[in-house]
file final-v7.txt (compact mmCIF, C-alpha atoms and all ligand atoms)
# COMPACT_ATOMS: atom_id res chain seq x y z
CA MET A 194 171.20 53.27 188.26
CA GLU A 195 167.88 53.76 189.82
CA VAL A 196 164.80 51.99 188.58
CA HIS A 197 161.17 53.00 189.00
CA HIS A 198 158.55 50.37 188.43
CA ARG A 199 156.19 52.09 186.05
CA LEU A 200 153.28 50.60 184.18
CA PRO A 201 153.49 50.37 180.39
CA ASP A 202 151.81 52.99 178.24
CA ASP A 203 148.14 52.30 178.15
CA SER A 204 146.77 54.52 175.47
CA VAL A 205 149.28 56.10 173.10
CA ASN A 206 149.21 53.20 170.67
CA VAL A 207 145.46 53.01 170.30
CA SER A 208 143.33 55.68 168.61
CA ASP A 209 140.34 56.71 170.64
CA THR A 210 137.94 56.86 167.68
CA HIS A 211 134.95 54.67 168.42
CA PRO A 212 135.02 51.69 166.04
CA LEU A 213 131.40 52.24 165.02
CA LYS A 214 132.10 55.86 164.14
CA GLU A 215 135.08 54.72 162.12
CA ALA A 216 132.85 52.17 160.42
CA ALA A 217 130.19 54.75 159.59
CA THR A 218 132.75 57.14 158.09
CA LEU A 219 134.35 54.43 155.99
CA VAL A 220 131.07 52.95 154.76
CA LEU A 221 129.80 56.37 153.78
CA GLY A 222 133.07 57.11 151.98
CA MET A 223 132.71 53.83 150.17
CA LEU A 224 129.16 54.56 149.01
CA VAL A 225 130.20 58.00 147.82
CA LEU A 226 133.17 56.51 145.97
CA SER A 227 131.10 53.86 144.24
CA THR A 228 128.44 56.38 143.26
CA VAL A 229 131.04 58.70 141.76
CA VAL A 230 132.65 55.83 139.88
CA PHE A 231 129.26 54.67 138.68
CA ILE A 232 128.19 58.08 137.44
CA GLY A 233 131.49 58.45 135.60
CA ILE A 234 130.89 55.13 133.89
CA ALA A 235 127.29 56.02 133.07
CA PHE A 236 128.47 59.27 131.49
CA PHE A 237 130.98 57.38 129.36
CA VAL A 238 128.31 54.88 128.31
CA GLU A 239 125.98 57.69 127.26
CA LEU A 240 128.69 58.93 124.91
CA ALA A 241 129.67 55.51 123.62
CA VAL A 242 126.29 53.86 122.96
CA PRO A 243 125.26 56.05 119.97
CA LEU A 244 128.55 55.11 118.29
CA ILE A 245 127.72 51.40 118.18
CA PRO A 246 126.07 50.50 114.83
CA ILE A 247 122.81 48.51 115.02
CA GLU A 248 124.20 45.75 112.74
CA MET A 249 127.13 45.27 115.06
CA GLU A 250 124.77 45.05 118.03
CA ALA A 251 122.57 42.46 116.29
CA LYS A 252 125.56 40.38 115.20
CA PHE A 253 127.27 40.52 118.56
CA PHE A 254 124.27 39.63 120.69
CA GLY A 255 122.62 37.11 118.37
CA ALA A 256 124.42 34.07 119.73
CA GLY A 257 122.30 33.07 122.71
CA TRP A 258 118.96 33.60 121.02
CA GLY A 259 118.83 30.12 119.46
CA SER A 260 118.43 28.48 122.84
CA VAL A 261 115.33 30.57 123.62
CA THR A 262 113.57 29.85 120.34
CA SER A 263 114.46 26.15 120.33
CA GLU A 264 112.91 25.67 123.75
CA MET A 265 109.61 27.18 122.68
CA GLU A 266 106.75 24.74 122.18
CA GLU A 267 104.49 24.74 119.16
CA GLU A 268 101.86 26.82 120.91
CA GLU A 269 104.43 29.33 122.09
CA ILE A 270 105.69 29.69 118.55
CA ARG A 271 102.12 30.54 117.46
CA GLN A 272 101.84 33.05 120.34
CA ALA A 273 105.20 34.59 119.45
CA GLU A 274 104.02 35.08 115.86
CA GLU A 275 100.85 36.84 116.98
CA VAL A 276 102.80 39.07 119.35
CA GLN A 277 105.31 39.77 116.61
CA ALA A 278 102.55 40.90 114.24
CA LEU A 279 101.26 43.37 116.85
CA LEU A 280 104.81 44.55 117.48
CA GLU A 281 105.38 45.23 113.78
CA ARG A 282 102.17 47.27 113.62
CA LEU A 283 103.37 49.41 116.51
CA ALA A 284 106.90 49.73 115.16
CA ALA A 285 105.42 51.03 111.89
CA HIS A 286 104.59 54.26 113.77
CA TRP A 287 108.30 54.76 114.39
CA PRO A 288 109.53 55.60 110.87
CA GLU A 289 113.26 55.64 111.59
CA ASN A 290 113.09 52.25 113.31
CA PRO A 291 116.44 50.60 112.54
CA TYR A 292 115.80 47.23 114.18
CA GLN A 293 114.57 43.88 112.92
CA TYR A 294 112.50 42.47 115.75
CA GLU A 295 112.16 38.94 117.00
CA VAL A 296 109.82 37.88 119.79
CA GLY A 297 110.42 34.97 122.14
CA ILE A 298 108.16 33.52 124.83
CA ILE A 299 109.58 32.41 128.16
CA PRO A 300 107.91 31.09 131.33
CA GLY A 301 107.67 33.38 134.37
CA PRO A 302 105.60 36.05 136.12
CA PRO A 303 104.14 38.87 133.96
CA ASN A 304 107.00 40.78 132.43
CA ALA A 305 108.66 41.66 129.16
CA MET A 306 112.21 42.60 128.36
CA ALA A 307 114.20 44.13 125.56
CA LEU A 308 117.46 42.37 124.69
CA PRO A 309 120.25 43.78 122.55
CA GLY A 310 119.92 43.22 118.82
CA GLY A 311 116.16 43.76 118.53
CA ARG A 312 114.99 40.79 120.58
CA ILE A 313 112.02 40.95 122.90
CA LEU A 314 111.09 38.38 125.51
CA VAL A 315 107.53 38.16 126.72
CA THR A 316 106.51 35.84 129.55
CA SER A 317 103.72 33.33 129.08
CA GLU A 318 101.93 34.65 132.17
CA LEU A 319 101.81 38.15 130.73
CA LEU A 320 99.95 36.75 127.71
CA ALA A 321 97.72 34.49 129.81
CA LEU A 322 96.64 37.33 132.10
CA ALA A 323 96.28 40.15 129.55
CA GLU A 324 92.62 41.12 129.17
CA SER A 325 92.94 43.18 126.01
CA GLU A 326 95.12 43.71 122.99
CA ASN A 327 95.66 47.28 124.17
CA GLU A 328 97.27 46.12 127.40
CA LEU A 329 99.80 43.98 125.55
CA ALA A 330 100.34 46.71 122.94
CA PHE A 331 101.45 49.16 125.60
CA VAL A 332 103.93 46.67 127.10
CA LEU A 333 105.39 46.07 123.63
CA GLY A 334 105.44 49.80 122.94
CA HIS A 335 107.33 50.31 126.18
CA GLU A 336 109.94 47.77 125.09
CA LEU A 337 110.20 49.51 121.71
CA GLY A 338 110.89 52.67 123.72
CA HIS A 339 113.88 50.88 125.26
CA PHE A 340 115.15 50.12 121.76
CA HIS A 341 114.52 53.72 120.72
CA ASP A 342 116.84 54.92 123.49
CA ARG A 343 119.02 51.79 123.27
CA ASP A 344 118.58 51.33 126.99
CA HIS A 345 119.50 47.65 126.92
CA LEU A 346 122.98 48.63 125.70
CA ARG A 347 123.32 51.35 128.31
CA MET A 348 122.30 49.09 131.15
CA LEU A 349 124.56 46.32 129.92
CA GLY A 350 127.42 48.75 129.35
CA ARG A 351 127.10 50.21 132.83
CA GLY A 352 126.94 46.80 134.46
CA VAL A 353 129.87 45.36 132.54
CA LEU A 354 132.10 48.42 132.90
CA PHE A 355 131.35 48.74 136.61
CA SER A 356 132.31 45.11 137.24
CA LEU A 357 135.35 45.59 135.06
CA VAL A 358 136.49 48.63 137.02
CA LEU A 359 136.00 46.77 140.30
CA ALA A 360 137.96 43.80 139.00
CA THR A 361 140.87 45.69 137.41
CA THR A 362 141.42 48.20 140.17
CA GLY A 363 141.27 45.54 142.86
CA LEU A 364 138.52 47.55 144.55
CA GLY A 365 136.34 44.49 144.42
CA ASP A 366 138.30 42.47 146.97
CA SER A 367 136.02 40.21 149.00
CA ASN A 368 134.66 42.25 151.91
CA THR A 369 134.27 45.56 150.19
CA THR A 370 132.67 44.22 147.01
CA SER A 371 129.16 44.02 148.41
CA LEU A 372 129.34 47.62 149.58
CA LEU A 373 130.61 48.87 146.25
CA SER A 374 128.00 46.98 144.30
CA LEU A 375 125.36 48.30 146.68
CA GLY A 376 126.42 51.83 145.74
CA GLY A 377 126.32 50.77 142.10
CA THR A 378 122.88 49.21 142.42
CA LEU A 379 121.46 52.30 144.09
CA SER A 380 122.87 54.58 141.40
CA ASP A 381 121.72 52.26 138.64
CA ARG A 382 118.20 52.33 140.03
CA SER A 383 117.88 56.07 139.51
CA PHE A 384 119.21 55.77 135.98
CA SER A 385 116.82 52.98 135.10
CA ARG A 386 113.90 54.90 136.62
CA ASP A 387 114.47 57.70 134.10
CA GLN A 388 114.79 55.16 131.33
CA GLU A 389 111.50 53.52 132.30
CA CYS A 390 109.70 56.86 132.21
CA ASP A 391 111.04 57.64 128.75
CA ALA A 392 110.08 54.17 127.53
CA ASP A 393 106.57 54.59 129.00
CA ARG A 394 106.11 57.86 127.16
CA PHE A 395 107.32 56.33 123.89
CA GLY A 396 105.07 53.28 124.31
CA LEU A 397 102.09 55.50 125.05
CA GLU A 398 102.73 57.50 121.90
CA LEU A 399 102.91 54.38 119.70
CA VAL A 400 99.71 52.96 121.21
CA THR A 401 97.85 56.26 120.75
CA ARG A 402 98.96 56.47 117.14
CA GLU A 403 97.94 52.88 116.45
CA TYR A 404 94.49 52.93 118.05
CA GLY A 405 93.77 56.64 118.21
CA TYR A 406 93.44 56.40 122.01
CA ALA A 407 95.44 55.06 124.94
CA ALA A 408 92.81 53.05 126.85
CA GLY A 409 94.19 49.90 128.49
CA SER A 410 97.76 51.23 128.62
CA ASP A 411 97.74 51.26 132.39
CA ALA A 412 96.08 47.83 132.71
CA PHE A 413 99.41 46.05 133.10
CA PHE A 414 100.40 48.28 136.03
CA HIS A 415 97.01 47.81 137.69
CA ARG A 416 97.55 44.07 137.41
CA ILE A 417 101.06 44.24 138.89
CA GLN A 418 99.81 46.49 141.65
CA LYS A 419 97.11 43.96 142.55
CA MET A 420 99.61 41.11 142.49
CA GLU A 421 102.01 43.08 144.67
CA GLN A 422 99.27 43.71 147.20
CA GLU A 423 98.46 40.02 147.24
CA GLY A 424 102.15 39.23 147.69
CA LEU A 425 102.33 37.31 144.39
CA VAL A 426 105.08 39.47 142.91
CA ILE A 427 107.90 40.94 144.87
CA GLN A 428 110.75 41.20 142.43
CA PHE A 429 108.98 43.58 140.09
CA ALA A 430 109.09 46.58 142.39
CA ALA A 431 112.83 46.28 142.72
CA THR A 432 113.52 46.71 139.01
CA HIS A 433 110.70 49.06 138.04
CA PRO A 434 109.39 52.26 139.55
CA LEU A 435 106.23 51.83 141.57
CA SER A 436 103.14 51.03 139.57
CA ASP A 437 101.21 53.88 141.21
CA SER A 438 103.47 56.59 139.92
CA ARG A 439 103.63 55.04 136.47
CA ILE A 440 99.86 54.97 136.15
CA ASP A 441 99.75 58.65 137.10
CA PHE A 442 102.60 59.40 134.73
CA LEU A 443 100.75 57.80 131.80
CA ARG A 444 97.56 59.74 132.47
CA GLU A 445 99.43 63.01 132.89
CA THR A 446 101.48 62.54 129.75
CA SER A 447 98.39 61.71 127.73
CA ASP A 448 96.61 64.84 129.02
CA GLU A 449 99.63 67.05 128.43
CA MET A 450 99.99 65.91 124.83
CA HIS A 451 96.21 66.24 124.30
CA TRP A 452 95.98 62.61 123.32
CA GLU A 453 92.73 60.73 123.57
CA TRP A 454 92.54 58.25 126.44
CA ASP A 455 89.11 56.65 126.29
CA GLY A 456 88.15 54.11 123.69
CA PRO A 457 86.99 50.50 123.33
CA LEU A 458 89.33 47.71 124.46
CA LEU A 459 90.04 45.11 121.80
CA PRO A 460 89.89 41.38 122.65
CA PRO A 461 93.21 39.92 123.82
CA ILE A 462 95.51 38.16 121.37
CA ALA A 463 98.10 35.39 121.64
CA LYS A 464 96.14 33.60 124.38
CA PRO A 465 97.23 30.10 125.38
CA SER A 466 94.71 27.48 124.21
CA THR A 467 94.57 25.85 127.66
CA PRO A 468 94.08 28.15 130.64
CA SER A 469 97.30 28.70 132.54
CA GLU A 470 97.45 27.20 136.03
CA SER A 471 98.72 30.48 137.40
CA ASP A 472 95.52 32.17 136.25
CA PRO A 473 93.90 33.53 139.42
CA GLU A 474 90.39 32.59 138.21
CA MET B 22 115.28 41.64 147.11
CA GLU B 23 118.28 39.36 146.78
CA ASP B 24 120.48 42.40 147.26
CA LEU B 25 118.67 43.21 150.47
CA ILE B 26 119.07 39.67 151.82
CA GLN B 27 122.76 39.70 150.96
CA ILE B 28 123.27 43.07 152.60
CA GLY B 29 121.28 41.91 155.62
CA ILE B 30 123.45 38.84 156.07
CA THR B 31 126.65 40.85 155.70
CA LEU B 32 125.41 43.42 158.20
CA PHE B 33 124.41 40.70 160.66
CA VAL B 34 127.81 39.00 160.49
CA LEU B 35 129.47 42.42 160.87
CA LEU B 36 127.46 43.25 163.96
CA VAL B 37 128.05 39.85 165.54
CA GLY B 38 131.75 40.24 164.75
CA TYR B 39 131.74 43.68 166.31
CA PHE B 40 129.92 42.76 169.52
CA VAL B 41 131.81 39.53 170.13
CA GLY B 42 135.11 41.13 169.13
CA SER B 43 134.70 44.22 171.28
CA THR B 44 133.57 42.24 174.33
CA LEU B 45 136.58 39.96 174.08
CA GLU B 46 138.82 42.97 173.54
CA ARG B 47 137.50 44.79 176.60
CA ASN B 48 138.01 41.71 178.76
CA HIS B 49 141.48 41.13 177.41
CA PHE B 50 142.56 44.71 178.09
CA LYS B 51 141.22 44.39 181.63
CA SER B 52 143.22 41.21 182.19
CA ILE B 53 146.33 42.77 180.64
CA ARG B 54 146.13 45.80 182.94
CA ASN B 55 145.66 43.59 186.00
CA ARG B 56 148.64 41.41 185.16
CA GLU B 57 150.79 44.42 184.30
CA ARG B 58 150.03 45.84 187.71
CA ALA B 59 150.76 42.52 189.40
CA SER B 60 154.08 42.05 187.62
CA ARG B 61 155.38 45.60 187.71
CA ARG B 62 158.26 44.65 190.02
CA MET B 63 159.78 42.55 187.26
CA MET B 64 161.97 44.97 185.33
CA VAL B 65 162.04 44.78 181.55
CA LEU B 66 164.75 46.89 179.92
CA THR B 67 166.13 47.27 176.43
CA ILE B 68 169.72 47.95 177.49
CA GLU B 69 172.26 45.45 176.13
CA ASP B 70 174.54 45.29 179.16
CA ILE B 71 173.69 45.45 182.78
CA PRO B 72 175.01 48.63 184.42
CA SER B 73 178.39 48.21 186.13
CA ASP B 74 176.94 48.82 189.57
CA TRP B 75 174.55 45.85 189.21
CA GLN B 76 175.49 42.24 189.80
CA SER B 77 173.93 39.26 188.08
CA GLN B 78 174.08 35.76 189.46
CA ASP B 79 172.40 34.00 186.58
CA ALA B 80 171.31 34.73 182.99
CA GLY B 81 169.37 33.02 180.23
CA LEU B 82 167.01 33.45 177.31
CA VAL B 83 163.36 34.17 178.01
CA THR B 84 160.62 34.41 175.38
CA GLY B 85 156.95 35.15 175.25
CA ASN B 86 154.72 35.25 172.23
CA ALA B 87 151.17 36.01 171.20
CA VAL B 88 149.33 35.16 168.02
CA VAL B 89 146.34 37.27 167.10
CA SER B 90 143.81 37.21 164.32
CA LEU B 91 141.18 39.65 163.09
CA ASP B 92 137.47 39.53 163.56
CA TYR B 93 135.22 40.05 160.57
CA PHE B 94 134.38 43.61 161.59
CA LYS B 95 138.02 44.71 161.85
CA ARG B 96 138.89 43.01 158.59
CA PHE B 97 135.97 44.74 156.89
CA LEU B 98 137.08 48.18 158.13
CA ALA B 99 140.67 47.49 157.16
CA GLY B 100 139.48 46.43 153.70
CA ILE B 101 137.87 49.82 153.15
CA ARG B 102 140.84 51.58 154.76
CA ALA B 103 143.06 49.95 152.17
CA ILE B 104 141.24 51.98 149.51
CA PHE B 105 141.37 55.40 151.14
CA GLY B 106 144.64 55.02 153.03
CA GLY B 107 145.41 56.29 156.51
CA ARG B 108 145.70 54.71 159.91
CA ILE B 109 144.06 51.32 160.20
CA LYS B 110 142.54 52.21 163.52
CA SER B 111 140.74 48.93 163.89
CA TYR B 112 144.06 47.07 163.98
CA GLU B 113 145.67 49.29 166.60
CA PRO B 114 144.06 47.80 169.74
CA LEU B 115 144.61 44.33 168.37
CA LEU B 116 148.36 44.81 167.95
CA ASP B 117 148.62 46.68 171.23
CA ARG B 118 147.01 43.72 172.96
CA ALA B 119 149.35 41.30 171.24
CA ARG B 120 152.48 43.27 172.15
CA ARG B 121 151.53 43.61 175.78
CA GLU B 122 150.42 40.00 176.04
CA ALA B 123 153.76 38.85 174.58
CA VAL B 124 155.70 40.94 177.09
CA LEU B 125 153.55 39.65 179.95
CA ARG B 126 154.20 36.07 178.91
CA MET B 127 157.92 36.74 178.68
CA LYS B 128 157.84 38.18 182.17
CA GLN B 129 155.99 35.10 183.37
CA ALA B 130 158.66 32.90 181.76
CA ALA B 131 161.36 34.92 183.49
CA LEU B 132 159.57 34.66 186.80
CA ASP B 133 159.19 30.87 186.41
CA LYS B 134 162.95 30.56 185.88
CA GLY B 135 163.73 32.63 188.93
CA TYR B 136 164.97 35.74 187.14
CA THR B 137 164.28 39.12 188.61
CA ALA B 138 164.71 41.23 185.46
CA VAL B 139 164.90 40.98 181.68
CA ILE B 140 167.44 43.05 179.77
CA ASN B 141 168.05 43.53 176.04
CA MET B 142 164.36 42.95 175.35
CA ARG B 143 163.45 42.83 171.63
CA MET B 144 160.28 42.28 169.69
CA GLU B 145 159.63 40.62 166.39
CA THR B 146 156.50 40.50 164.31
CA SER B 147 155.72 38.02 161.61
CA ARG B 148 152.71 37.40 159.47
CA LEU B 149 151.16 33.95 159.37
CA ALA B 150 150.07 33.12 155.84
CA SER B 151 146.63 31.66 155.48
CA ALA B 152 146.61 28.04 154.32
CA THR B 153 143.28 28.36 152.56
CA LYS B 154 143.84 31.19 150.09
CA LYS B 155 147.20 29.98 148.76
CA GLY B 156 149.01 32.07 151.36
CA LYS B 157 147.74 35.31 149.86
CA SER B 158 145.74 36.42 152.85
CA THR B 159 146.80 36.69 156.47
CA ALA B 160 145.73 34.12 159.02
CA GLY B 161 147.15 36.17 161.84
CA VAL B 162 150.16 37.90 163.26
CA GLU B 163 152.67 36.54 165.72
CA ILE B 164 154.45 38.89 168.08
CA LEU B 165 157.49 37.51 169.86
CA ALA B 166 159.11 39.26 172.80
CA PHE B 167 162.46 37.94 173.92
CA GLY B 168 165.35 39.03 176.06
CA THR B 169 167.96 37.94 178.56
CA GLY B 170 166.62 37.06 181.96
CA VAL B 171 169.00 37.99 184.74
CA LYS B 172 168.99 37.31 188.44
CA LEU B 173 170.17 40.46 190.11
CA ALA B 174 171.94 40.36 193.44
CA LYS B 175 170.59 42.99 195.72
ZN ZN C 501 111.18 48.81 130.99

call {"tool": "encode", "arguments": {"input": "final-v7.txt", "output": "structure tokens"}}
result
Amino acid sequence: MEVHHRLPDDSVNVSDTHPLKEAATLVLGMLVLSTVVFIGIAFFVELAVPLIPIEMEAKFFGAGWGSVTSEMEEEEIRQAEEVQALLERLAAHWPENPYQYEVGIIPGPPNAMALPGGRILVTSELLALAESENELAFVLGHELGHFHDRDHLRMLGRGVLFSLVLATTGLGDSNTTSLLSLGGTLSDRSFSRDQECDADRFGLELVTREYGYAAGSDAFFHRIQKMEQEGLVIQFAATHPLSDSRIDFLRETSDEMHWEWDGPLLPPIAKPSTPSESDPE
Amino acid sequence: MEDLIQIGITLFVLLVGYFVGSTLERNHFKSIRNRERASRRMMVLTIEDIPSDWQSQDAGLVTGNAVVSLDYFKRFLAGIRAIFGGRIKSYEPLLDRARREAVLRMKQAALDKGYTAVINMRMETSRLASATKKGKSTAGVEILAFGTGVKLAK
């Protein structure tokens, strides 16, 4: 038998796709996959949320509230009561309002949030910085808008179901999780942007009905904008559409609906008795 | 913001993994090709018996093995590949390197023992379980090449 001394195969066992090209294809596929999954979930949530009775929502999500109210100091309880009174006045302009509201005060940069079951959290800095009742009224009206559309349930439902799908399908294994949740976060952002616009419109309507004009409604966004420029707030932009576009949106909506904008600003309510240290003055 | 930082860190580790991994891979392939060229006179065959017209003066077991692990970049790509299916292209060069390295080491072992050829060459692959994640993940892969070294009389 004759033997030739050949070299081993050098290339047949290795694909010649460039690893970075392979990476780009796979990452893109992953983002597409997670977006499709997310939109499917969001669609399901849209169908399911109206079927959940308000009483069930209140009962189910009531549990953690005690810890918020028990940590509030005497002054914060007074502030919460004043805010609550304003909230009730606004909610009166929404006749079919099914919720019983409860306001809580928490520390933190200016913000407010709607929690399932009719609970609203307002930060102490929002109250300390507000320069008029109208400014606060719009923020509360905006949160009422979230209750009107039951956005808190949608957001929660999307988040929970998305995590659940990742966990049960095994898609969320270590390395790929961050990519999938990135796709989810990006998709969620566009959903929440629409929700914010709807809530802004609803809040604007309540404020206009209460005062007869909308003046001061954009004050909160002007404040956030200023703080963003000064680098005091960074996390706000990530969860809310840019203040610029929201200010424009408010003005446009008010014009379109032929609502009055100008009017006197009322003195602020629920102020802390000692000036807050975070007050820029 | 936190998302961005997390993504940034992941991306950074991925890129470092890619650049370090691909540099090492390029160098390894270069070394493999050089040694394959240098040792091409040592025959490696998969036949079980030596042909009747050959004569062997000596015979014995020779082995060579290589243990390889993944870099972060390859593992990341394979993780996504596991969802869509298809060839795990990022693993291919890794296993190719390991196979050829194992054969080269076996040849070296044969050379050290004075053999001039290896017949009945076989390969075995086994997964090394990771000690940290209760053996669920893979720490690496061992490729063993073994055969019968023979000293052929010319
Ligand atoms: Zn909102």

call {"tool": "residues_near_ligand", "arguments": {"input": "final-v7.txt", "ligand": "ligand ZN 501 (chain C)", "cutoff": "8 Å", "atoms": "all atoms listed in the file", "output": "PyMOL selection string"}}
result
chain A and resi 305-307+335-336+339+388-389+392-393+433

call {"tool": "write_last_selection", "arguments": {"input": "final-v7.txt", "atoms": "C-alpha atoms", "output": "PDB file, in the coordinates of the input"}}
result
ATOM      1  CA  ALA A 305     108.660  41.660 129.160  1.00  0.00           C
ATOM      2  CA  MET A 306     112.210  42.600 128.360  1.00  0.00           C
ATOM      3  CA  ALA A 307     114.200  44.130 125.560  1.00  0.00           C
ATOM      4  CA  HIS A 335     107.330  50.310 126.180  1.00  0.00           C
ATOM      5  CA  GLU A 336     109.940  47.770 125.090  1.00  0.00           C
ATOM      6  CA  HIS A 339     113.880  50.880 125.260  1.00  0.00           C
ATOM      7  CA  GLN A 388     114.790  55.160 131.330  1.00  0.00           C
ATOM      8  CA  GLU A 389     111.500  53.520 132.300  1.00  0.00           C
ATOM      9  CA  ALA A 392     110.080  54.170 127.530  1.00  0.00           C
ATOM     10  CA  ASP A 393     106.570  54.590 129.000  1.00  0.00           C
ATOM     11  CA  HIS A 433     110.700  49.060 138.040  1.00  0.00           C
TER      12      HIS A 433
END

call {"tool": "residues_around", "arguments": {"input": "final-v7.txt", "residues": "Ser380 (chain A)", "least_positions_apart": "4", "cutoff": "8 Å", "atoms": "only C-alpha atoms", "output": "mmCIF file with C-alpha atoms, in the coordinates of the input"}}
result
data_model
loop_
_atom_site.group_PDB
_atom_site.id
_atom_site.type_symbol
_atom_site.label_atom_id
_atom_site.label_comp_id
_atom_site.auth_asym_id
_atom_site.auth_seq_id
_atom_site.Cartn_x
_atom_site.Cartn_y
_atom_site.Cartn_z
ATOM 1 C CA THR A 228 128.440 56.380 143.260
ATOM 2 C CA PHE A 231 129.260 54.670 138.680
ATOM 3 C CA ILE A 232 128.190 58.080 137.440
ATOM 4 C CA GLY A 376 126.420 51.830 145.740
ATOM 5 C CA PHE A 384 119.210 55.770 135.980
#

call {"tool": "interface_residues", "arguments": {"input": "final-v7.txt", "of": "chain B", "to": "chain A", "cutoff": "7 Å", "atoms": "all atoms listed in the file", "output": "ChimeraX atom specification"}}
result
/B:22,57-58,61-62,97-98,100-101,110-111,113-114,117

call {"tool": "write_last_selection", "arguments": {"input": "final-v7.txt", "atoms": "C-alpha atoms", "output": "PDB file, in the coordinates of the input"}}
result
ATOM      1  CA  MET B  22     115.280  41.640 147.110  1.00  0.00           C
ATOM      2  CA  GLU B  57     150.790  44.420 184.300  1.00  0.00           C
ATOM      3  CA  ARG B  58     150.030  45.840 187.710  1.00  0.00           C
ATOM      4  CA  ARG B  61     155.380  45.600 187.710  1.00  0.00           C
ATOM      5  CA  ARG B  62     158.260  44.650 190.020  1.00  0.00           C
ATOM      6  CA  PHE B  97     135.970  44.740 156.890  1.00  0.00           C
ATOM      7  CA  LEU B  98     137.080  48.180 158.130  1.00  0.00           C
ATOM      8  CA  GLY B 100     139.480  46.430 153.700  1.00  0.00           C
ATOM      9  CA  ILE B 101     137.870  49.820 153.150  1.00  0.00           C
ATOM     10  CA  LYS B 110     142.540  52.210 163.520  1.00  0.00           C
ATOM     11  CA  SER B 111     140.740  48.930 163.890  1.00  0.00           C
ATOM     12  CA  GLU B 113     145.670  49.290 166.600  1.00  0.00           C
ATOM     13  CA  PRO B 114     144.060  47.800 169.740  1.00  0.00           C
ATOM     14  CA  ASP B 117     148.620  46.680 171.230  1.00  0.00           C
TER      15      ASP B 117
END

call {"tool": "atom_distance", "arguments": {"input": "final-v7.txt", "atom1": "CA of Met249 (chain A)", "atom2": "CA of Pro309 (chain A)"}}
result
10.3 Å

call {"tool": "residues_around", "arguments": {"input": "final-v7.txt", "residues": "Glu398 (chain A)", "least_positions_apart": "2", "cutoff": "9 Å", "atoms": "all atoms listed in the file", "output": "list in words"}}
result
His286, Gly334, Asp393, Arg394, Phe395, Gly396, Val400, Thr401, Arg402, Glu403, Ala407, Ser447 and Trp452 of chain A

call {"tool": "closest_residue", "arguments": {"input": "final-v7.txt", "among": "B:Ser147, B:Ser52, B:Thr31, B:Gln129", "to": "Val83 (chain B)", "atoms": "all atoms listed in the file"}}
result
B:Gln129
